[in-house]
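Visitor: The file below is start-v1.csv, CSV, C-alpha atoms:
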chain,number,residue,atom,x,y,z
D,1,MET,CA,145.8,85.3,110.9
D,2,LYS,CA,143.3,87.8,112.3
D,3,THR,CA,139.6,87.3,112.6
D,4,TYR,CA,137.6,89.3,110.1
D,5,SER,CA,135.0,91.6,111.5
D,6,ALA,CA,132.7,93.5,109.1
D,7,LYS,CA,132.3,97.2,109.4
D,8,PRO,CA,129.1,99.1,108.5
D,9,GLU,CA,130.6,100.5,105.3
D,10,ASP,CA,131.8,97.1,104.2
D,11,ILE,CA,128.3,95.6,104.3
D,12,GLU,CA,126.4,95.3,101.0
D,13,LYS,CA,122.8,94.3,101.2
D,14,LYS,CA,121.0,92.5,98.3
D,15,TRP,CA,117.3,92.1,97.7
D,16,ILE,CA,116.1,88.5,97.4
D,17,LEU,CA,112.7,87.3,96.2
D,18,ILE,CA,111.3,84.0,97.3
D,19,ASP,CA,108.1,82.4,96.0
D,20,ALA,CA,106.5,80.5,98.9
D,21,GLU,CA,103.9,78.6,96.9
D,22,ASN,CA,103.7,74.9,98.0
D,23,MET,CA,106.7,75.4,100.3
D,24,ILE,CA,107.1,73.7,103.7
D,25,VAL,CA,106.9,76.4,106.3
D,26,GLY,CA,109.7,75.3,108.6
D,27,ARG,CA,112.2,74.7,105.8
D,28,LEU,CA,111.3,78.0,104.2
D,29,ALA,CA,111.7,79.8,107.5
D,30,ALA,CA,115.1,78.3,108.1
D,31,VAL,CA,116.4,79.5,104.7
D,32,ILE,CA,114.9,83.0,105.2
D,33,ALA,CA,116.4,83.3,108.7
D,34,THR,CA,119.8,82.3,107.4
D,35,ARG,CA,119.6,85.0,104.7
D,36,LEU,CA,118.3,87.7,107.1
D,37,ARG,CA,121.2,87.1,109.5
D,38,GLY,CA,123.8,86.9,106.7
D,39,LYS,CA,125.1,83.5,107.8
D,40,HIS,CA,125.4,82.4,104.1
D,41,LEU,CA,128.2,85.0,103.6
D,42,PRO,CA,131.9,84.4,104.2
D,43,THR,CA,131.9,87.9,105.8
D,44,PHE,CA,129.3,87.0,108.5
D,45,THR,CA,129.8,89.0,111.7
D,46,PRO,CA,127.5,88.0,114.6
D,47,HIS,CA,127.1,91.5,116.0
D,48,MET,CA,126.3,93.3,112.7
D,49,ASP,CA,123.3,93.3,110.5
D,50,CYS,CA,125.0,91.9,107.3
D,51,GLY,CA,122.0,90.0,106.0
D,52,ASP,CA,119.9,90.6,102.9
D,53,HIS,CA,116.5,92.1,102.4
D,54,VAL,CA,114.0,89.2,101.8
D,55,VAL,CA,110.7,89.6,100.0
D,56,VAL,CA,108.4,86.6,100.3
D,57,ILE,CA,105.3,86.3,98.0
D,58,ASN,CA,102.4,83.8,98.0
D,59,ALA,CA,102.7,83.3,101.7
D,60,ASP,CA,99.1,82.3,101.8
D,61,LYS,CA,99.9,79.1,99.8
D,62,VAL,CA,102.5,77.5,102.2
D,63,LYS,CA,102.1,73.9,103.3
D,64,PHE,CA,102.6,72.0,106.5
D,65,THR,CA,103.7,68.3,106.7
D,66,GLY,CA,101.6,65.7,108.5
D,67,LYS,CA,98.6,66.9,110.5
D,68,LYS,CA,100.2,70.1,111.7
D,69,MET,CA,97.6,72.2,109.8
D,70,ALA,CA,95.0,71.1,112.3
D,71,ASP,CA,97.0,69.9,115.3
D,72,LYS,CA,99.6,72.6,115.7
D,73,LYS,CA,98.7,75.4,118.1
D,74,TYR,CA,99.7,79.0,118.3
D,75,TYR,CA,99.4,80.7,121.7
D,76,ARG,CA,99.1,84.3,122.7
D,77,HIS,CA,98.2,86.1,125.9
D,78,THR,CA,95.9,89.1,126.2
D,79,GLY,CA,97.7,90.4,129.3
D,80,TYR,CA,94.7,89.7,131.6
D,81,PRO,CA,94.5,86.8,134.1
D,82,GLY,CA,93.3,83.7,132.3
D,83,GLY,CA,93.7,85.4,129.0
D,84,ILE,CA,95.5,82.7,127.0
D,85,LYS,CA,94.2,82.3,123.4
D,86,GLU,CA,95.0,79.6,120.9
D,87,THR,CA,94.6,79.2,117.2
D,88,THR,CA,95.7,76.8,114.5
D,89,PRO,CA,97.7,77.5,111.3
D,90,GLU,CA,94.6,76.6,109.3
D,91,LYS,CA,92.6,79.4,110.9
D,92,VAL,CA,95.4,81.9,110.5
D,93,LEU,CA,95.9,81.1,106.8
D,94,GLU,CA,92.2,81.4,106.2
D,95,GLY,CA,92.0,84.7,108.2
D,96,LYS,CA,92.7,88.3,107.4
D,97,PHE,CA,96.6,88.1,107.8
D,98,PRO,CA,97.8,84.7,106.3
D,99,GLU,CA,101.4,86.1,106.0
D,100,ARG,CA,101.7,85.9,109.8
D,101,VAL,CA,102.4,82.2,109.6
D,102,VAL,CA,105.7,82.8,107.8
D,103,GLU,CA,106.6,85.9,109.8
D,104,MET,CA,106.2,84.2,113.1
D,105,ALA,CA,108.1,81.1,111.9
D,106,VAL,CA,111.0,83.2,110.9
D,107,LYS,CA,110.9,85.4,114.0
D,108,ARG,CA,111.1,82.4,116.2
D,109,MET,CA,114.2,81.2,114.3
D,110,LEU,CA,116.1,84.4,115.0
D,111,PRO,CA,117.8,85.1,118.3
D,112,ARG,CA,116.1,87.5,120.7
D,113,GLY,CA,117.3,91.0,121.1
D,114,PRO,CA,117.6,94.4,119.3
D,115,LEU,CA,119.7,93.0,116.5
D,116,ALA,CA,117.2,90.3,115.6
D,117,ARG,CA,114.4,92.9,115.6
D,118,GLN,CA,116.4,95.0,113.2
D,119,GLN,CA,117.1,92.0,111.0
D,120,LEU,CA,113.4,91.1,111.1
D,121,SER,CA,112.5,94.5,109.7
D,122,ASN,CA,114.4,93.4,106.5
D,123,LEU,CA,111.7,90.7,105.9
D,124,LYS,CA,108.7,91.7,103.7
D,125,VAL,CA,106.0,89.0,103.5
D,126,TYR,CA,103.0,89.3,101.1
D,127,ALA,CA,100.0,87.0,100.8
D,128,GLY,CA,99.6,87.4,97.1
D,129,SER,CA,102.0,87.5,94.2
D,130,ASP,CA,102.1,91.3,94.0
D,131,HIS,CA,104.8,93.3,95.9
D,132,PRO,CA,105.8,96.9,95.9
D,133,HIS,CA,109.6,96.2,95.7
D,134,GLU,CA,110.1,96.0,91.9
D,135,ALA,CA,112.2,99.1,92.0
D,136,GLN,CA,114.9,97.3,94.0
D,137,SER,CA,115.0,94.6,91.3
D,138,PRO,CA,115.2,91.6,93.7
D,139,GLU,CA,116.9,88.5,92.5
D,140,GLN,CA,114.9,85.3,92.5
D,141,LEU,CA,116.0,82.6,95.0
D,142,ASP,CA,114.7,79.1,94.1
D,143,VAL,CA,114.4,77.5,97.5
D,144,ALA,CA,112.4,74.6,96.0
D,145,ALA,CA,115.4,73.5,93.9
D,146,MET,CA,117.7,73.4,96.9
D,147,ASN,CA,116.1,70.2,98.3
D,148,SER,CA,113.3,68.1,97.0
D,149,LYS,CA,111.8,68.0,100.6
D,150,ASN,CA,111.3,71.8,100.5
D,151,VAL,CA,108.2,71.5,98.3
D,152,ARG,CA,104.9,69.7,99.0
D,153,ALA,CA,103.2,68.5,95.9
Show how you would write the structure in this file as structure tokens.

Guide:
Amino acid sequence: MKTYSAKPEDIEKKWILIDAENMIVGRLAAVIATRLRGKHLPTFTPHMDCGDHVVVINADKVKFTGKKMADKKYYRHTGYPGGIKETTPEKVLEGKFPERVVEMAVKRMLPRGPLARQQLSNLKVYAGSDHPHEAQSPEQLDVAAMNSKNVRA
């Protein structure tokens, strides 16, 4: 029996719509990362971009468990000596780009490299409930129904 390896012409990409309202960030990001890589498919090939396009709406309404909203820290560096900056998810969600919480959680669950950057370009995250991808007719994926722990009431 030979190992199956997908070819570019064999790959069929679907569009998935996920509503992130009241979802736990880490659990949501794990499902999204799996869909972006294509690991949910029996034809998964590690060196090919065989994942789906994922559209996430209501990213500004995600939840954290415990006291992570205030205690968790995000770090970035300006590039200058002593230029480390920190912020919390609470400040990011209240700020100008609340969708970055979901984007960065997914980005950090993907492997590093050119393929992961290509797969990450298939992720579209929007803070509100409107998105410009109606023409692709994305199918709804109910992540909340997969596990009762995925939703924070």

Visitor: Give as an MDAnalysis selection string the set of residues within 12 Å of the point (96.4, 80.7, 107.0), where distances use the file's coordinates and only C-alpha atoms.

Guide: chainID D and resid 25 58:64 69:70 74 87:103 127

Visitor: Check which residues of stretch 18-82 of chain D sit at most 6 Å from stretch 106-119 of chain D using all atoms listed in the file, and return one row each with the closest pair of atoms and their distance in Å to one decimal, ordered by chain and rising number, as a Markdown table.

Guide:
| residue | atom | partner | partner_atom | distance |
| --- | --- | --- | --- | --- |
| D:Ala29 | CA | D:Val106 | CA | 4.9 |
| D:Ala33 | CA | D:Val106 | CA | 5.8 |
| D:Leu36 | CA | D:Gln119 | CA | 5.9 |

Visitor: By how many Å are atom CA of D:Ile16 and atom CA of D:Lys72 apart?

Guide: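 About the pair atom CA of D:Ile16 and atom CA of D:Lys72: they are 29.3 Å apart.
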
Visitor: Per residue of stretch 1-116 of chain D within 9 Å of stretch 132-140 of chain D, what are the shortest atom pair and its distance in Å to one decimal, counting only C-alpha atoms, with rows by chain and residue number, as JSON lines?

Guide:
{"residue": "D:Lys14", "atom": "CA", "partner": "D:Pro138", "partner_atom": "CA", "distance": 7.5}
{"residue": "D:Trp15", "atom": "CA", "partner": "D:Pro138", "partner_atom": "CA", "distance": 4.5}
{"residue": "D:Ile16", "atom": "CA", "partner": "D:Pro138", "partner_atom": "CA", "distance": 4.9}
{"residue": "D:Leu17", "atom": "CA", "partner": "D:Gln140", "partner_atom": "CA", "distance": 4.7}
{"residue": "D:Ile18", "atom": "CA", "partner": "D:Gln140", "partner_atom": "CA", "distance": 6.1}
{"residue": "D:Asp19", "atom": "CA", "partner": "D:Gln140", "partner_atom": "CA", "distance": 8.2}
{"residue": "D:His53", "atom": "CA", "partner": "D:Pro138", "partner_atom": "CA", "distance": 8.8}
{"residue": "D:Val54", "atom": "CA", "partner": "D:Pro138", "partner_atom": "CA", "distance": 8.5}
{"residue": "D:Val55", "atom": "CA", "partner": "D:His133", "partner_atom": "CA", "distance": 8.0}

Visitor: Give me the residues near stretch 148-150 of chain D as a list in words, where near means some atom within 8 Å (using only C-alpha atoms) and where sequence neighbours in that chain fewer than 3 positions away do not count.

Guide: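 Close residues of stretch 148-150 of chain D: Met23, Ile24, Arg27, Leu28, Val143, Ala144 and Ala145 of chain D.
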
Visitor: Would you compute the distance between atom CA of D:Cys50 and atom CA of D:Asp142? Give it in Å to one decimal.

Guide: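 Result for atom CA of D:Cys50 versus atom CA of D:Asp142: 21.1 Å, one decimal.
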
Visitor: With all atoms listed in the file as the counted atoms, please give the residues lying no more than 12 Å from stretch 42-45 of chain D, apart from itself and same-chain residues fewer than 4 positions off, as an MDAnalysis selection string.

Guide: chainID D and resid 3:8 10:12 34:38 49:52 115

Visitor: Quick check, in Å to one decimal: how far apart do atom CA of D:Gly66 and atom CA of D:Asn22 lie?

Guide: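 About the pair atom CA of D:Gly66 and atom CA of D:Asn22: they are 14.1 Å apart.
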
Visitor: From the list D:Lys67, D:Lys2, D:Ile32, D:His40, which residue is nearest D:Leu120 when using all atoms listed in the file?

Guide: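 That would be D:Ile32, the residue with the smallest distance to D:Leu120.
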
Visitor: Measuring between all atoms listed in the file, which one of D:Met48, D:Glu9, D:Glu86, D:Glu21 shows the shortest distance to D:Tyr126?

Guide: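 Checking each of D:Met48, D:Glu9, D:Glu86, D:Glu21 against D:Tyr126, counting all atoms listed in the file, the winner is D:Glu21.
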